[in-house]
Amino acid sequence: MAPHRQPCTPAAHLTLPPPPRPILAEQPSKFILLEREAEEEYRPQILAALQSKVEAMAEAVESQPPQCAHCCLPMGRQDRRTVGWLARCGRLRVRVTRYRCGQCKGERRPLLEELGVEPGRVCGALARLLAVLAVVAPYELAARLAKVLLGVNISAMGVWRVTQRLGQAAHHYSEALSVYHSDSRSQAVTSSSAPVAVVLAVDGCSLGMQVQKQRRRRGSESLLPPLPAVEEGRFREVKTGVLLLPEERVESSPGRHSLVHRWLVSCLGNADAIYAQVWAKLRELGWLGVATVVVIVGDGAEWIWKRATLFPCRCEILDFWHAVEHAWQFAQCHYGEHSARAARWVHTVACALREGKVQAVLKRLQKMRLQTPEARQQRQALIRYYTENAHRMRYDEYVRLGYGIGSGAVESAHKQLVHARMRQAGMRWSEAGAQRLLALRLLLLNQDWACLDRLPMQRII
Ligand SMILES: [Zn+2]
């Protein structure tokens, strides 16, 4: 008999050897110890080297007084104080001169401007590293990752602050680009090889927003009351657009297309805002040639088509799966839910649509004999939907041209961009907080993160 089948009397139990306790090594591995030793030895040296480079720059910058940013008059020396900030290798301290304009009383500290740092704050590469953690993980977890990965002790609130300041910079930059390109005097990137066609797919989802306008602060003795449930109407729609070149779709297996590269734009705003972003991105990429066809794939939402007229040279496509979904609704009403006949009927309709035979489908629908008023009503709805969108349902042609027929690309991109970080359980956002994080996630997913090094952090009030 196998030992575990024996009755578990105290005597039987004692005859078996006890399971051994797992053992942790007394120390980390020798190599880990060496790595840490080297780091501890050189970290102060890196800090000292950085400190002396900063001081050398201070000397060069301080040698000439600046001009006032407003009235361009030379400014007078006001005071000279020690200022510190936190960098990857430790805290830097340097004497900084403050200048003042006698005319308009404006102040400047040219050294800090030149360095792109703010006194008392996390600056430089460390700020960018903390932000990248917060862009992929919630703030609490990002703070823990900062300890593990960077050896930095920082609170979730500290990570939040850095992220807001960099996020504001990224958001501000993308908004300004939109405004710039929506002006007729703006310059687009001109490319001799503008693509023949560009695919634009658009999607949206809702984001739970904070009920309070202000962040909640706890008083000294009172506990925070529980948060109220999200009220109706406390949602905002995040809209995402995906831009890609049809020829970059590669067929990874028969019938399955995966993308080499795509660009995302997104915003927490109205339809005009997302189209302004799309417009700006296309002009920045040099993708809008005189003959470039903009292929717009959408789910039939009115706002998508209304703004599509922004592109005179366009091809509108109703997402194939939405077209089929509408057929399902009617089929289930007519043939019964989960019925095999409904499935067969939808399959036939889908095949006909794929071949571009929307008129034939419409004719067949009209000829059908229907029993219930409800089914007749559903049929009318389906006929109206297909008739209104017929010019966006020439799927055979779209496949032949390589445009694709579904908005799967945008749905997955949108999930990656928004859901993965911003729609986790219980998350609610302030408008500014959501916009800043979206702007940073776009930089990361568009492989534009390095652009953050060239943006000054913004103060947040
Ligand atoms: Zn002045």
# chains A, B, ... in the order shown; residues from 1 in each chain; ligands from 1
>>> select_by_dssp(residues="region 114-305 of chain A", states="strand (DSSP E)", output="PyMOL selection string")
chain A and resi 197-208+235-244+249-253+256-259+263-267+293-298
>>> write_last_selection(atoms="N, CA and C atoms", output="short mmCIF file (atom, residue, chain, number, x, y, z; two decimals), in the first residue's frame")
data_model
loop_
_atom_site.label_atom_id
_atom_site.label_comp_id
_atom_site.auth_asym_id
_atom_site.auth_seq_id
_atom_site.Cartn_x
_atom_site.Cartn_y
_atom_site.Cartn_z
N ALA A 197 -1.62 55.31 -49.95
CA ALA A 197 -2.77 55.20 -49.06
C ALA A 197 -2.33 55.08 -47.61
N VAL A 198 -3.13 55.64 -46.72
CA VAL A 198 -2.90 55.56 -45.28
C VAL A 198 -4.19 55.06 -44.66
N VAL A 199 -4.09 54.08 -43.74
CA VAL A 199 -5.30 53.60 -43.09
C VAL A 199 -5.45 54.28 -41.73
N LEU A 200 -6.64 54.79 -41.47
CA LEU A 200 -6.95 55.40 -40.18
C LEU A 200 -8.15 54.65 -39.60
N ALA A 201 -7.95 54.07 -38.42
CA ALA A 201 -9.08 53.42 -37.74
C ALA A 201 -9.29 54.12 -36.42
N VAL A 202 -10.55 54.30 -36.05
CA VAL A 202 -10.86 55.06 -34.83
C VAL A 202 -11.73 54.23 -33.89
N ASP A 203 -11.48 54.39 -32.61
CA ASP A 203 -12.27 53.66 -31.61
C ASP A 203 -12.37 54.50 -30.34
N GLY A 204 -13.31 54.16 -29.49
CA GLY A 204 -13.45 54.90 -28.23
C GLY A 204 -13.82 53.97 -27.10
N CYS A 205 -13.54 54.39 -25.85
CA CYS A 205 -14.05 53.66 -24.69
C CYS A 205 -14.24 54.66 -23.57
N SER A 206 -15.00 54.27 -22.55
CA SER A 206 -15.25 55.24 -21.49
C SER A 206 -14.30 55.03 -20.33
N LEU A 207 -14.02 56.12 -19.66
CA LEU A 207 -13.08 56.12 -18.53
C LEU A 207 -13.83 56.68 -17.33
N GLY A 208 -13.72 56.00 -16.16
CA GLY A 208 -14.38 56.50 -14.95
C GLY A 208 -13.64 57.72 -14.43
N PHE A 235 -18.44 59.62 -16.67
CA PHE A 235 -17.52 58.93 -17.57
C PHE A 235 -17.14 59.87 -18.69
N ARG A 236 -15.94 59.71 -19.18
CA ARG A 236 -15.55 60.47 -20.36
C ARG A 236 -15.06 59.47 -21.39
N GLU A 237 -15.23 59.81 -22.65
CA GLU A 237 -14.78 58.89 -23.68
C GLU A 237 -13.34 59.19 -24.07
N VAL A 238 -12.53 58.14 -24.10
CA VAL A 238 -11.19 58.27 -24.66
C VAL A 238 -11.27 57.80 -26.10
N LYS A 239 -10.84 58.63 -27.01
CA LYS A 239 -10.87 58.24 -28.42
C LYS A 239 -9.44 57.98 -28.89
N THR A 240 -9.30 56.91 -29.66
CA THR A 240 -7.97 56.55 -30.16
C THR A 240 -8.03 56.39 -31.67
N GLY A 241 -7.03 56.89 -32.33
CA GLY A 241 -6.89 56.68 -33.76
C GLY A 241 -5.60 55.93 -34.02
N VAL A 242 -5.65 54.98 -34.95
CA VAL A 242 -4.44 54.24 -35.32
C VAL A 242 -4.15 54.54 -36.79
N LEU A 243 -2.90 54.89 -37.06
CA LEU A 243 -2.49 55.19 -38.43
C LEU A 243 -1.49 54.14 -38.88
N LEU A 244 -1.70 53.61 -40.06
CA LEU A 244 -0.74 52.63 -40.57
C LEU A 244 -0.73 52.64 -42.08
N ARG A 249 1.16 45.87 -43.62
CA ARG A 249 0.48 44.72 -43.05
C ARG A 249 1.12 43.49 -43.65
N VAL A 250 1.59 42.57 -42.83
CA VAL A 250 2.14 41.34 -43.40
C VAL A 250 1.24 40.18 -43.01
N GLU A 251 1.15 39.22 -43.90
CA GLU A 251 0.30 38.07 -43.62
C GLU A 251 1.11 37.05 -42.87
N SER A 252 0.91 36.97 -41.54
CA SER A 252 1.73 36.08 -40.72
C SER A 252 1.31 34.62 -40.93
N SER A 253 0.03 34.40 -41.13
CA SER A 253 -0.46 33.08 -41.52
C SER A 253 -1.65 33.37 -42.42
N ARG A 256 -4.47 35.92 -41.66
CA ARG A 256 -4.18 36.70 -40.45
C ARG A 256 -3.13 37.76 -40.77
N HIS A 257 -3.48 39.00 -40.48
CA HIS A 257 -2.54 40.07 -40.76
C HIS A 257 -2.00 40.62 -39.45
N SER A 258 -0.68 40.73 -39.36
CA SER A 258 -0.14 41.41 -38.18
C SER A 258 0.61 42.63 -38.69
N LEU A 259 0.75 43.60 -37.82
CA LEU A 259 1.28 44.88 -38.29
C LEU A 259 2.74 45.06 -37.93
N TRP A 263 1.06 54.00 -35.76
CA TRP A 263 1.14 55.19 -34.92
C TRP A 263 -0.19 55.39 -34.24
N LEU A 264 -0.11 55.77 -32.97
CA LEU A 264 -1.34 55.99 -32.22
C LEU A 264 -1.50 57.47 -31.90
N VAL A 265 -2.74 57.92 -31.96
CA VAL A 265 -3.06 59.23 -31.38
C VAL A 265 -4.26 58.99 -30.48
N SER A 266 -4.38 59.79 -29.44
CA SER A 266 -5.48 59.56 -28.52
C SER A 266 -5.81 60.83 -27.79
N CYS A 267 -7.04 60.97 -27.36
CA CYS A 267 -7.35 62.11 -26.50
C CYS A 267 -8.63 61.88 -25.72
N VAL A 293 -4.60 58.63 -50.47
CA VAL A 293 -5.97 58.28 -50.08
C VAL A 293 -5.97 57.96 -48.59
N VAL A 294 -6.82 58.65 -47.82
CA VAL A 294 -6.96 58.32 -46.41
C VAL A 294 -8.11 57.35 -46.26
N VAL A 295 -7.77 56.13 -45.84
CA VAL A 295 -8.77 55.07 -45.70
C VAL A 295 -9.27 55.08 -44.26
N ILE A 296 -10.54 55.40 -44.06
CA ILE A 296 -11.06 55.52 -42.70
C ILE A 296 -11.95 54.33 -42.37
N VAL A 297 -11.52 53.57 -41.36
CA VAL A 297 -12.29 52.40 -40.95
C VAL A 297 -12.99 52.74 -39.64
N GLY A 298 -14.31 52.61 -39.61
CA GLY A 298 -15.04 52.95 -38.39
C GLY A 298 -16.20 52.01 -38.15
#
>>> residues_around(residues="region 446-455 of chain A", least_positions_apart="2", cutoff="7 Å", atoms="only C-alpha atoms", output="list of chain:residue names")
A:Ala169, A:Trp263, A:Leu264, A:Leu442, A:Leu443, A:Leu444, A:Met457
>>> residues_around(residues="Gln458 (chain A)", least_positions_apart="5", cutoff="7 Å", atoms="only C-alpha atoms", output="PyMOL selection string")
chain A and resi 165-166+168-169
>>> write_last_selection(atoms="N, CA and C atoms", output="JSON list (two decimals), in the first residue's frame")
[["chain", "number", "residue", "atom", "x", "y", "z"],
["A", 165, "ARG", "N", 4.31, 66.10, -13.84],
["A", 165, "ARG", "CA", 5.09, 67.20, -14.42],
["A", 165, "ARG", "C", 5.58, 66.85, -15.83],
["A", 166, "LEU", "N", 6.01, 65.59, -16.00],
["A", 166, "LEU", "CA", 6.44, 65.19, -17.34],
["A", 166, "LEU", "C", 5.26, 64.96, -18.26],
["A", 168, "GLN", "N", 2.43, 66.50, -18.15],
["A", 168, "GLN", "CA", 1.92, 67.80, -18.56],
["A", 168, "GLN", "C", 2.75, 68.34, -19.73],
["A", 169, "ALA", "N", 4.05, 68.13, -19.65],
["A", 169, "ALA", "CA", 4.93, 68.58, -20.74],
["A", 169, "ALA", "C", 4.58, 67.86, -22.05]]
>>> residues_near_ligand(ligand="ligand 1", cutoff="6 Å", atoms="only C-alpha atoms and all ligand atoms", output="ChimeraX atom specification")
/A:68,70-71,73,101,103-104,106
>>> write_last_selection(atoms="C-alpha atoms", output="PDB file, in the first residue's frame")
ATOM      1  CA  CYS A  68      15.130  90.129 -19.068  1.00  0.00           C
ATOM      2  CA  HIS A  70      10.071  90.420 -21.084  1.00  0.00           C
ATOM      3  CA  CYS A  71      11.761  93.742 -21.774  1.00  0.00           C
ATOM      4  CA  LEU A  73      17.070  94.860 -20.573  1.00  0.00           C
ATOM      5  CA  CYS A 101      14.973  93.115 -13.872  1.00  0.00           C
ATOM      6  CA  GLN A 103      12.133  97.569 -14.892  1.00  0.00           C
ATOM      7  CA  CYS A 104       9.503  94.801 -14.673  1.00  0.00           C
ATOM      8  CA  GLY A 106      11.002  89.666 -13.445  1.00  0.00           C
TER       9      GLY A 106
END
>>> closest_residue(among="A:Arg81, A:Arg109, A:Arg314, A:His171", to="Leu437 (chain A)", atoms="only C-alpha atoms")
A:His171
>>> residues_around(residues="Lys281 (chain A)", least_positions_apart="3", cutoff="9 Å", atoms="only C-alpha atoms", output="list in words")
Leu177, Ser178, His181, Leu243, Trp263, Leu264, Val265, Ala276, Gln277, Val278, Glu284, Leu285, Gly286 and Trp287 of chain A
>>> write_last_selection(atoms="N, CA and C atoms", output="compact mmCIF listing (two decimals), in the first residue's frame")
# COMPACT_ATOMS: atom_id res chain seq x y z
N LEU A 177 1.07 70.97 -30.97
CA LEU A 177 1.26 70.49 -32.34
C LEU A 177 -0.06 70.48 -33.11
N SER A 178 -1.13 70.06 -32.41
CA SER A 178 -2.47 70.05 -33.02
C SER A 178 -2.88 71.45 -33.43
N HIS A 181 -0.76 72.71 -36.43
CA HIS A 181 -1.09 72.14 -37.74
C HIS A 181 -2.51 72.46 -38.21
N LEU A 243 -2.90 54.89 -37.06
CA LEU A 243 -2.49 55.19 -38.43
C LEU A 243 -1.49 54.14 -38.88
N TRP A 263 1.06 54.00 -35.76
CA TRP A 263 1.14 55.19 -34.92
C TRP A 263 -0.19 55.39 -34.24
N LEU A 264 -0.11 55.77 -32.97
CA LEU A 264 -1.34 55.99 -32.22
C LEU A 264 -1.50 57.47 -31.90
N VAL A 265 -2.74 57.92 -31.96
CA VAL A 265 -3.06 59.23 -31.38
C VAL A 265 -4.26 58.99 -30.48
N ALA A 276 -8.14 66.50 -35.07
CA ALA A 276 -7.04 67.48 -35.12
C ALA A 276 -5.71 66.79 -34.84
N GLN A 277 -5.75 65.82 -33.91
CA GLN A 277 -4.53 65.07 -33.59
C GLN A 277 -4.10 64.20 -34.77
N VAL A 278 -5.07 63.56 -35.40
CA VAL A 278 -4.78 62.70 -36.56
C VAL A 278 -4.16 63.55 -37.67
N GLU A 284 3.01 65.60 -39.58
CA GLU A 284 4.34 65.42 -38.98
C GLU A 284 5.08 64.25 -39.64
N LEU A 285 4.32 63.22 -40.02
CA LEU A 285 4.93 62.04 -40.62
C LEU A 285 5.23 62.23 -42.11
N GLY A 286 4.68 63.31 -42.67
CA GLY A 286 4.85 63.52 -44.11
C GLY A 286 4.04 62.51 -44.91
N TRP A 287 2.90 62.10 -44.34
CA TRP A 287 2.09 61.05 -44.96
C TRP A 287 0.94 61.60 -45.79
>>> closest_residue(among="A:Ser155, A:Gly289, A:Arg93, A:Tyr335", to="Leu50 (chain A)", atoms="only C-alpha atoms")
A:Arg93
>>> atom_distance(atom1="CA of Ala291 (chain A)", atom2="CA of Val196 (chain A)")
6.8 Å
>>> select_by_dssp(residues="region 260-361 of chain A", states="helix (DSSP H, G or I)", output="ChimeraX atom specification")
/A:271-285,302-308,320-335,340-354,358-361
>>> atom_distance(atom1="CA of Val346 (chain A)", atom2="CA of Trp328 (chain A)")
6.2 Å
>>> closest_residue(among="A:Arg441, A:His391, A:His334, A:Arg161", to="Cys315 (chain A)", atoms="only C-alpha atoms")
A:His391
>>> closest_residue(among="A:Arg379, A:Pro19, A:Val410, A:Ala439", to="Ala331 (chain A)", atoms="only C-alpha atoms")
A:Arg379
>>> residues_around(residues="region 40-44 of chain A", least_positions_apart="5", cutoff="12 Å", atoms="only C-alpha atoms", output="list in words")
Leu33, Leu34, Glu35, Ala49, Leu50, Gln51, Ala87, Arg88, Cys89, Gly90, Arg91, Leu92 and Gly151 of chain A
>>> residues_around(residues="Arg77 (chain A)", least_positions_apart="6", cutoff="10 Å", atoms="only C-alpha atoms", output="PDB file with C-alpha atoms, in the first residue's frame")
ATOM      1  CA  PRO A  65      24.326  88.480 -16.718  1.00  0.00           C
ATOM      2  CA  PRO A  66      21.192  87.573 -18.655  1.00  0.00           C
ATOM      3  CA  THR A  97      22.714  83.379  -8.801  1.00  0.00           C
ATOM      4  CA  ARG A  98      19.323  84.983  -9.136  1.00  0.00           C
ATOM      5  CA  TYR A  99      18.989  88.023 -11.418  1.00  0.00           C
ATOM      6  CA  ARG A 100      16.263  90.624 -11.318  1.00  0.00           C
ATOM      7  CA  CYS A 101      14.973  93.115 -13.872  1.00  0.00           C
ATOM      8  CA  GLU A 107      13.501  87.124 -12.061  1.00  0.00           C
ATOM      9  CA  ARG A 108      15.738  84.525 -13.704  1.00  0.00           C
ATOM     10  CA  ARG A 109      18.195  81.872 -12.592  1.00  0.00           C
TER      11      ARG A 109
END
>>> atom_distance(atom1="CA of Glu175 (chain A)", atom2="CA of Ala271 (chain A)")
14.5 Å
>>> closest_residue(among="A:Lys415, A:Val96, A:Lys105, A:Leu440", to="Met75 (chain A)", atoms="only C-alpha atoms")
A:Lys105
>>> residues_around(residues="Ser182 (chain A)", least_positions_apart="2", cutoff="8 Å", atoms="only C-alpha atoms", output="list of chain:residue names")
A:Ser178, A:Val179, A:Tyr180, A:Ser184, A:Ser186, A:Ala276, A:Trp279, A:Ala280
>>> write_last_selection(atoms="C-alpha atoms", output="PDB file, in the first residue's frame")
ATOM      1  CA  SER A 178      -2.473  70.052 -33.020  1.00  0.00           C
ATOM      2  CA  VAL A 179      -3.066  73.777 -32.772  1.00  0.00           C
ATOM      3  CA  TYR A 180      -0.063  74.511 -34.974  1.00  0.00           C
ATOM      4  CA  SER A 184      -3.334  77.062 -42.590  1.00  0.00           C
ATOM      5  CA  SER A 186       1.703  75.706 -40.708  1.00  0.00           C
ATOM      6  CA  ALA A 276      -7.043  67.484 -35.116  1.00  0.00           C
ATOM      7  CA  TRP A 279      -4.300  65.611 -38.955  1.00  0.00           C
ATOM      8  CA  ALA A 280      -1.235  66.850 -37.062  1.00  0.00           C
TER       9      ALA A 280
END
>>> decode(residues="region 360-403 of chain A", atoms="N, CA and C atoms", output="mmCIF file, in the first residue's frame")
data_model
loop_
_atom_site.group_PDB
_atom_site.id
_atom_site.type_symbol
_atom_site.label_atom_id
_atom_site.label_comp_id
_atom_site.auth_asym_id
_atom_site.auth_seq_id
_atom_site.Cartn_x
_atom_site.Cartn_y
_atom_site.Cartn_z
ATOM 1 N N ALA A 360 -27.399 42.664 -53.322
ATOM 2 C CA ALA A 360 -28.047 41.349 -53.367
ATOM 3 C C ALA A 360 -28.570 40.975 -51.982
ATOM 4 N N VAL A 361 -27.792 41.280 -50.962
ATOM 5 C CA VAL A 361 -28.215 40.992 -49.589
ATOM 6 C C VAL A 361 -29.477 41.787 -49.264
ATOM 7 N N LEU A 362 -29.493 43.040 -49.683
ATOM 8 C CA LEU A 362 -30.665 43.895 -49.426
ATOM 9 C C LEU A 362 -31.909 43.331 -50.115
ATOM 10 N N LYS A 363 -31.748 42.885 -51.355
ATOM 11 C CA LYS A 363 -32.881 42.329 -52.102
ATOM 12 C C LYS A 363 -33.432 41.086 -51.409
ATOM 13 N N ARG A 364 -32.484 40.230 -50.971
ATOM 14 C CA ARG A 364 -32.882 38.987 -50.312
ATOM 15 C C ARG A 364 -33.630 39.306 -49.002
ATOM 16 N N LEU A 365 -33.163 40.298 -48.321
ATOM 17 C CA LEU A 365 -33.806 40.686 -47.055
ATOM 18 C C LEU A 365 -35.249 41.126 -47.290
ATOM 19 N N GLN A 366 -35.436 41.917 -48.353
ATOM 20 C CA GLN A 366 -36.773 42.435 -48.632
ATOM 21 C C GLN A 366 -37.764 41.326 -48.977
ATOM 22 N N LYS A 367 -37.237 40.257 -49.594
ATOM 23 C CA LYS A 367 -38.115 39.165 -50.035
ATOM 24 C C LYS A 367 -38.492 38.209 -48.901
ATOM 25 N N MET A 368 -37.765 38.266 -47.801
ATOM 26 C CA MET A 368 -38.005 37.291 -46.734
ATOM 27 C C MET A 368 -39.404 37.458 -46.146
ATOM 28 N N ARG A 369 -40.036 36.306 -45.832
ATOM 29 C CA ARG A 369 -41.350 36.374 -45.196
ATOM 30 C C ARG A 369 -41.158 36.299 -43.697
ATOM 31 N N LEU A 370 -41.642 37.291 -43.018
ATOM 32 C CA LEU A 370 -41.406 37.352 -41.578
ATOM 33 C C LEU A 370 -42.703 37.206 -40.817
ATOM 34 N N GLN A 371 -42.619 36.489 -39.674
ATOM 35 C CA GLN A 371 -43.824 36.169 -38.907
ATOM 36 C C GLN A 371 -44.207 37.291 -37.930
ATOM 37 N N THR A 372 -43.220 37.791 -37.226
ATOM 38 C CA THR A 372 -43.562 38.699 -36.117
ATOM 39 C C THR A 372 -43.298 40.157 -36.482
ATOM 40 N N PRO A 373 -44.070 41.063 -35.872
ATOM 41 C CA PRO A 373 -43.816 42.492 -36.109
ATOM 42 C C PRO A 373 -42.414 42.889 -35.648
ATOM 43 N N GLU A 374 -41.953 42.203 -34.609
ATOM 44 C CA GLU A 374 -40.620 42.531 -34.089
ATOM 45 C C GLU A 374 -39.543 42.228 -35.130
ATOM 46 N N ALA A 375 -39.689 41.064 -35.777
ATOM 47 C CA ALA A 375 -38.723 40.675 -36.801
ATOM 48 C C ALA A 375 -38.775 41.653 -37.973
ATOM 49 N N ARG A 376 -40.005 42.090 -38.324
ATOM 50 C CA ARG A 376 -40.142 43.049 -39.439
ATOM 51 C C ARG A 376 -39.451 44.375 -39.091
ATOM 52 N N GLN A 377 -39.589 44.745 -37.811
ATOM 53 C CA GLN A 377 -38.961 45.984 -37.346
ATOM 54 C C GLN A 377 -37.434 45.875 -37.403
ATOM 55 N N GLN A 378 -36.929 44.717 -36.964
ATOM 56 C CA GLN A 378 -35.478 44.480 -36.983
ATOM 57 C C GLN A 378 -34.949 44.501 -38.421
ATOM 58 N N ARG A 379 -35.763 43.897 -39.332
ATOM 59 C CA ARG A 379 -35.352 43.871 -40.733
ATOM 60 C C ARG A 379 -35.253 45.298 -41.283
ATOM 61 N N GLN A 380 -36.243 46.117 -40.944
ATOM 62 C CA GLN A 380 -36.218 47.503 -41.420
ATOM 63 C C GLN A 380 -34.947 48.217 -40.940
ATOM 64 N N ALA A 381 -34.619 47.968 -39.672
ATOM 65 C CA ALA A 381 -33.419 48.598 -39.095
ATOM 66 C C ALA A 381 -32.172 48.153 -39.848
ATOM 67 N N LEU A 382 -32.113 46.852 -40.141
ATOM 68 C CA LEU A 382 -30.938 46.308 -40.837
ATOM 69 C C LEU A 382 -30.860 46.856 -42.266
ATOM 70 N N ILE A 383 -32.019 46.917 -42.934
ATOM 71 C CA ILE A 383 -32.050 47.443 -44.305
ATOM 72 C C ILE A 383 -31.575 48.900 -44.313
ATOM 73 N N ARG A 384 -32.060 49.676 -43.335
ATOM 74 C CA ARG A 384 -31.669 51.082 -43.262
ATOM 75 C C ARG A 384 -30.144 51.206 -43.053
ATOM 76 N N TYR A 385 -29.643 50.372 -42.128
ATOM 77 C CA TYR A 385 -28.202 50.419 -41.796
ATOM 78 C C TYR A 385 -27.342 50.065 -43.015
ATOM 79 N N TYR A 386 -27.723 49.006 -43.731
ATOM 80 C CA TYR A 386 -26.944 48.595 -44.908
ATOM 81 C C TYR A 386 -27.093 49.594 -46.062
ATOM 82 N N THR A 387 -28.296 50.168 -46.189
ATOM 83 C CA THR A 387 -28.507 51.120 -47.287
ATOM 84 C C THR A 387 -27.678 52.379 -47.049
ATOM 85 N N GLU A 388 -27.730 52.897 -45.805
ATOM 86 C CA GLU A 388 -26.971 54.108 -45.486
ATOM 87 C C GLU A 388 -25.464 53.897 -45.644
ATOM 88 N N ASN A 389 -25.018 52.673 -45.351
ATOM 89 C CA ASN A 389 -23.580 52.411 -45.375
ATOM 90 C C ASN A 389 -23.105 51.667 -46.616
ATOM 91 N N ALA A 390 -23.999 51.457 -47.583
ATOM 92 C CA ALA A 390 -23.647 50.616 -48.740
ATOM 93 C C ALA A 390 -22.346 51.066 -49.417
ATOM 94 N N HIS A 391 -22.154 52.393 -49.514
ATOM 95 C CA HIS A 391 -20.936 52.881 -50.181
ATOM 96 C C HIS A 391 -19.683 52.655 -49.339
ATOM 97 N N ARG A 392 -19.870 52.205 -48.091
ATOM 98 C CA ARG A 392 -18.714 51.895 -47.240
ATOM 99 C C ARG A 392 -18.543 50.389 -47.091
ATOM 100 N N MET A 393 -19.265 49.615 -47.915
ATOM 101 C CA MET A 393 -19.249 48.157 -47.750
ATOM 102 C C MET A 393 -18.785 47.435 -49.011
ATOM 103 N N ARG A 394 -17.922 48.068 -49.793
ATOM 104 C CA ARG A 394 -17.409 47.396 -50.997
ATOM 105 C C ARG A 394 -16.173 46.569 -50.617
ATOM 106 N N TYR A 395 -16.430 45.549 -49.773
ATOM 107 C CA TYR A 395 -15.329 44.827 -49.141
ATOM 108 C C TYR A 395 -14.409 44.116 -50.117
ATOM 109 N N ASP A 396 -14.969 43.606 -51.238
ATOM 110 C CA ASP A 396 -14.124 42.911 -52.217
ATOM 111 C C ASP A 396 -13.039 43.853 -52.742
ATOM 112 N N GLU A 397 -13.465 45.110 -52.973
ATOM 113 C CA GLU A 397 -12.538 46.102 -53.506
ATOM 114 C C GLU A 397 -11.460 46.473 -52.465
ATOM 115 N N TYR A 398 -11.909 46.636 -51.215
ATOM 116 C CA TYR A 398 -10.956 47.016 -50.157
ATOM 117 C C TYR A 398 -9.898 45.946 -49.952
ATOM 118 N N VAL A 399 -10.339 44.672 -50.036
ATOM 119 C CA VAL A 399 -9.385 43.568 -49.874
ATOM 120 C C VAL A 399 -8.387 43.594 -51.030
ATOM 121 N N ARG A 400 -8.926 43.812 -52.250
ATOM 122 C CA ARG A 400 -8.062 43.830 -53.435
ATOM 123 C C ARG A 400 -7.027 44.953 -53.332
ATOM 124 N N LEU A 401 -7.448 46.102 -52.801
ATOM 125 C CA LEU A 401 -6.537 47.246 -52.689
ATOM 126 C C LEU A 401 -5.586 47.131 -51.496
ATOM 127 N N GLY A 402 -5.829 46.114 -50.644
ATOM 128 C CA GLY A 402 -4.967 45.909 -49.478
ATOM 129 C C GLY A 402 -5.294 46.821 -48.319
ATOM 130 N N TYR A 403 -6.468 47.418 -48.311
ATOM 131 C CA TYR A 403 -6.837 48.334 -47.222
ATOM 132 C C TYR A 403 -7.252 47.617 -45.941
#
